[in-house]
Structures are given as structure tokens and as C-alpha cells.
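Report on one structure; see the data block that follows.
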Amino acid sequence: MTFQVQSALIAAIVNLCFAVYFILKDRKNQLHRTFSYLSFNIFVWNLGFFLYKLTQSDFWYRILFLGSLFIPPSALHFTLVFLSARNPINWKLLRYTYAISIGLFITVLTPFFFMREWSIITVCYFFPVLYLCLYLIYKRYSETESTTERAKLKYMIIGGVIATTAGITDFLPGIGINVPQLGNLAVMVYMYFISQSIVKYRLLDLHEIIGRGIVLVTLASITGGIYGALVLWIGNKPGLAIFNTFIASLLILLLYEPIKLKVQDRANRIFLRESYNLQNILNTLSRKMARVLTVDELFSLIINTIKEFPRVTHASVYVLDEREDLFKLVEAIGDHRERIPKFLETKVLTDYIKEKRGALILEELERELRTYEMENGRGEEGRKGYTNDPSSLTRSSPPSPTSPAVIKSVCELLRKMEAQVCIPLMYREDRVLGLWNLKDAGSEEAYSSQEITLLMTVANQAAIIIENYKIYETMKKKDRLAALGEMATGLAHEIRNPLGAIKGAAQYLQVEPSIEERKEFLSIIIEEVDRLNHVVSQFLDYARPFKKNITLCEINKILEKTYALIKAEGIPEQIKVVLDFEENLPLIHADAEQLRQVFLNLFLNAIQAMPEGGNLIVSTTLESDPDKTGTYLSIKFIDTGIGIPADHIDKLFNPFFTTKKEGTGLGLAICHRIVEGHDGTIEVSSQIGKGSQFVVKLPVQ
């Protein structure tokens, strides 16, 4: 069996797959129907040729020519639909072509079919029509202004010339010229290229297909080589055929996956280098995004990372401002930053994105508009649904999110943002939280579908981060409101008691008491006013913006001075204080007075928690942070007092929360604020009846 016969069977199977796939994919699509029809005719031609060579039957010889006769009109029909041709002469020529094919088909049933002249007439009809198709493609190539379309049509012309010319070689042996017969193989490859041009219109996608095709051929060659080596090793030993098949299958199964990964990686590095680099950049970006804490940090990270990709010359990020229903520009790189709008109305864009649920590609949208105009003309019917003011669509709901008017408006918005590709930051399928725009000024079609899919994956991750941050901010707001409510209640309580005492004393003074009584009640008024002043001062200390007077501080000396102050005021005899300071601790940058205030409060709280006496241990150590790089100073206050109930521990640092009769509940809240202002933490653990432990951790810079 010759190579030509074998390749005919393979080509028949491949073209049958094309015919079935496209008719099932979208039978209402005229382009799909005509390509399916062309593929079916090539299938009939190749199958007839294969079976004729096997059987030498006249029946299959007639089937062979039956398929070949309808290849020219089906090829011309597909070409006119593919080019969206509107010239009536071309369509009239198509009708003549069908008429000639039908006429020649009738002669297949007559004895004239077996005459040599009939074959010559058929060949002279077959190839000129195919070259006519290539001429029409070339004519469109010379007329179009689109760089992308010109490049694509150029590939189709070159491939078509090669495939058609290679097809001629199948007929040359009939006239005594022996050359390699590669027509079936060339046509099969060309049909595959055209099929991918239909499914994946974009040129860069075809580049990726070529790269994947190389991977496929390489893998087929390796696995075929394994099987062939085993066949040569066994030789003419039919009894070992089953063993040979088993061993070959086992080796292929074991080696296929690692070989596939290795070949794919190598092919991507060589043939799809930029896509390979983009994937690495986006993988790095995805890992970094997992550690961001704010939306501003997220957008800055996205922009600064993607600019490392050579094919991104312009990039911008818009975020949805839900209060004003606008997209707001937050980050941008490129010389277009001052030109692009700072705000965008959302309705048309968000409605279209929700309908498409994917990236917006300017080149594809413009092609869709051109196709619509070609199919409907440029008269009143062709302009139906269009508006000269795309922004007017934002003021009224269009009849359909995918109408030509909406598409035109979306194109205008993309041009304003100078975006070749607009990647929506979508949360689920109903919320567009932002837009990520990319452009390569050096190319009209800069990003392939696979690259856009990678970008969409990162965009979806960003959308989740944005939504989670919004939820977090909402919860923080609720917590602040709750804390404000507690503060208001506590502050009202702290003010009301002194005011009541002041009011009662003043009322009593109105009835002319004795001088001694007057002095007593005036003392009450002064005492309560001082108490009010203390409450208000502490509240202001807590509420005012945090400021620090940073100096190099030695933590042990601050604690020693604080202890000296406590000791001077008097420590109950039943309480024993132990200072256990680690020596040679590093200096820290801090506000010594504020830290002294924290330590003073913790000293007093510990002493007050041991009314019956006990031990207080104050220690300092240098420790490593298990979650972060660097070290910190740990200052511990450990008492053997009455302890703190478990349900109170989470509230200890809330303003105005206190269990003391005379306390305001602001002391620990202020301590917590001071420690956090030094990028530190304060932790509490306690057991009822056994005591409590307060640990202050301050970073060493």
C-alpha cells in the first residue's frame, strides 16, 4: 500500500470529523455549514480513492470523481462566505460553478466518463476554480486595512497555494511524471488550518496551534519510535506479537506523561516563548496577591507586575465606585495616563460583560461590527440600531446587551481607555468590580486566547480579594459602630454620676447650709469636676490622632523607672514584685513616655488584682517571631491574682469596659492603642483564682 493510499484514508477520516464537528457545532451558522459541506466532499473524494485502490471497483472510481466534482463549487462557496463577499458577480459565478459540477456529475453515469478527455476536462475545471478562490482571498488581502486580517489572509494564501499545487502532484503520474504525491497530506493540513481559523479567529491562536501541533508530532514520533524499535527487535516472530503489543503499550503509558511534560515545556520555551514568560509572570503575581492586605496594594501589585511583560506597553485598572455607579481609574502605566478618562459610566459596559462573561477584545468586536455591516448593508436597514452618540446608550436601556448599537458603544469605550483587551474583574457572574485594560502599541493583535485565559484567571482571583476586602471593611465598620456605641454608653455613664453628685450638692447649697456643710459640698463639687476632667482627658487621649516622639530606648531602664515610681507611691507589703530582665537587650525605636504609661497601667492592674497579696513577676526577653522575619522584645507581667473571666478577656481593650468600681475602662484601651502604634502586640491569658499574664511584644528594627 503506497503512501498516497494510506494518506487518503487518514485525510478521509480527518475531513469527516471536520464535517460532523462543524455541522453539530452550529448548523445555523452559514460559515460552519459551507465548511462542513467542503469537508464532506473532500472526505468522499479521499474515501473513494482509497477504496478504489484497494478494490479496483468502477463503483468507487465513480464515487471518487463524484466527490472531486463538488469540491470546486463548495470551495468557492466557502470562500465567498468566509470573505463576506457582496459582489453579485462572484455569487453568479458560484451558480455557474454548481451548474458545471452537476453537468459533469451526470456524465459520470455515462460511458463518456471513462474517456481520457473527460478526465482532462475535469482537471482543467478542478484546479482553476481552486486558484480562483485563492485569487479572491488575495484580492481581499490587498484591499483590507486591518493588519491582523492581512496577516491571516497571507497565511491562507500561502497555505492554499501549497496545498493546491501539491494536489496537482497526485495527477502527474498519470501523464508519466513520477514525483512524491503529497496532495492528500497537504490538503489535510490546510483544512485543519482553516478549521482553526474559523474556531479561533485570532492570528496568535493559530501560532499556538502550530506550536501544539509540533508537540503532537514530536510525541507521535517518540511513541511511534518506541513501538517501531520493539517491532525491529522481535523481527519475524508472530508468536511474540501479543507480548510485543503489551510491552509497547506498557512503555508508552509509563513514558508518555513525563515525555509529554518535557516536550511541552521545551516547545513552549522555543515556539511560544512569550506566552511561556507571561505564564511565569502571572504565576508569580498570583502568589504575591495572596499576601496583599488592601485593594490599593492589590492594584499597584497588578500594574507593577504586568509591566514586566514586553507586550504590555499600556495598562490601566478601573475599580467600581458603587456609590456613584462609575468606574474610577486607580492605576495606569504608559504614556496614555493623562489621555484616558478618569471616570466611566458603567451600565453599557457591565451589561455587555455580564452577557459575554469574559474578556472584551477590541479587534473581535470591530470584526463583529464589520460583519454585521457587510451582511446588512449600509443603508437604513444596515444602520438600524446604531447611534452617533454612544454615550446616549448609558441614559436608556438598549433593547439587547449584544445589539450592534451596544457593541459600537463598547468599542468606543475601549478606544477611550486605549485598551486592546479589557479583562473584567468579576465576582461570580453578576458583579463587575473593576476593569483591567492592556495594550501593546506595537501590535494590533497582541494577546492570544490562551494568554487571555491566564489573565482572566488572575482577574478572577483579584475580584475575590476585592470582594473579601469589602466584606472585611464592612465588618470593621460595624465593629467601629458597635465600639462607638459602647464608648458612648460608657462615657455617658461616667459623666452622669459626677453630674448627679454636682447637681445634688448645688441644690443643697441653695438652702443656705452651714459654713462647714458648705465647705463639704463644695469639696464634693470640686472632686467630681476633677473626676469629669479625668474622664474627658482620658477619652481625648484615646480619641486624638496617635503621635510618637521616637527615640532610641532601652526597655529595661523604662521598666526600672516605672517600678521606681510605683514603689515610691507604695506597694502593699503582702505583694512581692520580682524583676527578671535579660541583659544586653538591643535598643528599640519608641516613645519612652508612652511605653512608661503602658507599663505603669499594667503594674497597677496587676497590684489591684491581688488584694489578698501575691507575686508579680516582670520579665524581659529577646525572642524570634515564628511568622515573620526578625526578632522582638517580649515584656511579661505575670501575677497570682484573682484572674479574669474568659468572657471578659476579648473585651478588655474595648473603651469603657471595666470591672472596677472606680475605673473608667480607658486605661487598657489606651495601652492597646499605644502598643499597636509601635507595631507591637499585647496579649492576655488568665485563669480564675490563679492569676493573669499580660505580654507586650515590640519589634526590634
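Ordering of the C-alpha cells sets the chain letters (A, B, ...), residue numbers begin anew at 1 in every chain, and ligands are numbered from 1 in the order given.
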
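By only C-alpha atoms, and with residues fewer than 3 positions from Leu109 in chain A along its chain excluded, the set lying at most 12 Å from it is Asp58, Phe59, Tyr61, Arg62, Ile63, Phe65, Leu66, Ile102, Gly103, Leu104, Phe105, Ile106, Phe112, Phe113 and Phe114 of chain A.
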
Residues just named, written with N, CA and C atoms as an mmCIF file, in the first residue's frame:
```cif
data_model
loop_
_atom_site.group_PDB
_atom_site.id
_atom_site.type_symbol
_atom_site.label_atom_id
_atom_site.label_comp_id
_atom_site.auth_asym_id
_atom_site.auth_seq_id
_atom_site.Cartn_x
_atom_site.Cartn_y
_atom_site.Cartn_z
ATOM 1 N N ASP A 58 -15.212 -0.125 -10.324
ATOM 2 C CA ASP A 58 -15.698 1.053 -11.045
ATOM 3 C C ASP A 58 -16.619 1.903 -10.174
ATOM 4 N N PHE A 59 -17.318 1.231 -9.260
ATOM 5 C CA PHE A 59 -18.237 1.970 -8.378
ATOM 6 C C PHE A 59 -17.469 3.008 -7.562
ATOM 7 N N TYR A 61 -14.604 4.158 -8.234
ATOM 8 C CA TYR A 61 -13.989 5.113 -9.139
ATOM 9 C C TYR A 61 -14.960 6.261 -9.436
ATOM 10 N N ARG A 62 -16.235 5.911 -9.588
ATOM 11 C CA ARG A 62 -17.254 6.946 -9.806
ATOM 12 C C ARG A 62 -17.441 7.791 -8.539
ATOM 13 N N ILE A 63 -17.419 7.126 -7.360
ATOM 14 C CA ILE A 63 -17.556 7.879 -6.099
ATOM 15 C C ILE A 63 -16.391 8.856 -5.939
ATOM 16 N N PHE A 65 -14.737 10.458 -8.259
ATOM 17 C CA PHE A 65 -14.954 11.657 -9.068
ATOM 18 C C PHE A 65 -16.194 12.425 -8.630
ATOM 19 N N LEU A 66 -17.144 11.724 -8.044
ATOM 20 C CA LEU A 66 -18.316 12.426 -7.517
ATOM 21 C C LEU A 66 -17.887 13.442 -6.459
ATOM 22 N N ILE A 102 -22.755 19.842 -11.663
ATOM 23 C CA ILE A 102 -23.923 18.967 -11.838
ATOM 24 C C ILE A 102 -23.897 18.334 -13.230
ATOM 25 N N GLY A 103 -23.520 19.158 -14.248
ATOM 26 C CA GLY A 103 -23.437 18.618 -15.603
ATOM 27 C C GLY A 103 -22.392 17.521 -15.720
ATOM 28 N N LEU A 104 -21.229 17.728 -15.143
ATOM 29 C CA LEU A 104 -20.189 16.701 -15.170
ATOM 30 C C LEU A 104 -20.604 15.472 -14.366
ATOM 31 N N PHE A 105 -21.362 15.703 -13.296
ATOM 32 C CA PHE A 105 -21.835 14.581 -12.490
ATOM 33 C C PHE A 105 -22.749 13.670 -13.312
ATOM 34 N N ILE A 106 -23.565 14.278 -14.137
ATOM 35 C CA ILE A 106 -24.471 13.466 -14.970
ATOM 36 C C ILE A 106 -23.665 12.587 -15.924
ATOM 37 N N PHE A 112 -19.128 8.050 -21.454
ATOM 38 C CA PHE A 112 -18.179 9.129 -21.714
ATOM 39 C C PHE A 112 -17.242 9.349 -20.521
ATOM 40 N N PHE A 113 -17.699 8.906 -19.348
ATOM 41 C CA PHE A 113 -16.927 9.090 -18.123
ATOM 42 C C PHE A 113 -15.557 8.429 -18.210
ATOM 43 N N PHE A 114 -15.462 7.305 -18.915
ATOM 44 C CA PHE A 114 -14.208 6.548 -18.952
ATOM 45 C C PHE A 114 -13.253 7.025 -20.051
#
```

With only C-alpha atoms as the counted atoms, please give the residues lying no more than 10 Å from Thr681 in chain A, apart from itself and same-chain residues fewer than 2 positions off, as a PyMOL selection string.
chain A and resi 634+672-679+683+695-699

Neighbouring residues of Gly48 in chain A were defined as those with any atom within 10 Å, considering only C-alpha atoms; residues of the same chain fewer than 3 positions away were excluded. Please report them as a list in words.
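Here the answer would be Ala8, Leu9, Ala12, Ile42, Phe43, Val44, Trp45, Leu51, Tyr52, Lys53, Leu54, Ser57, Phe59, Trp60, Tyr61, Arg62, Ile63, Leu64, Phe65, Leu66, Gly67 and Ser68 of chain A.
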
By how many Å are CA of Arg33 in chain A and CA of Phe18 in chain A apart?
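That distance, rounded to one decimal, is 10.8 Å.
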
Need the shell around Ile162 in chain A: protein/DNA/RNA residues with any atom at most 12 Å away, counting only C-alpha atoms. Skip same-chain ones fewer than 2 positions apart. Format as a VMD selection string?
chain A and resid 130 to 131 134 155 to 160 164 to 169 182 to 190

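Counting only C-alpha atoms, the residue from A:Ser403, A:Gln693, A:Ser316, A:Ser142 that sits nearest to Gly434 in chain A is A:Ser316.
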
Straight-line distance linking CA of Thr453 in chain A with CA of Ile259 in chain A, stated in Å to one decimal
25.2 Å

Of the candidates A:Phe49, A:Phe22, A:Tyr372, A:Phe126, which shows the shortest atom-to-atom distance to Ile71 in chain A, using only C-alpha atoms?
A:Phe126

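Nearest to Ile682 in chain A of all the residues A:Val700, A:Leu365, A:Ala564, A:Ile635 is A:Ile635, based on only C-alpha atoms.
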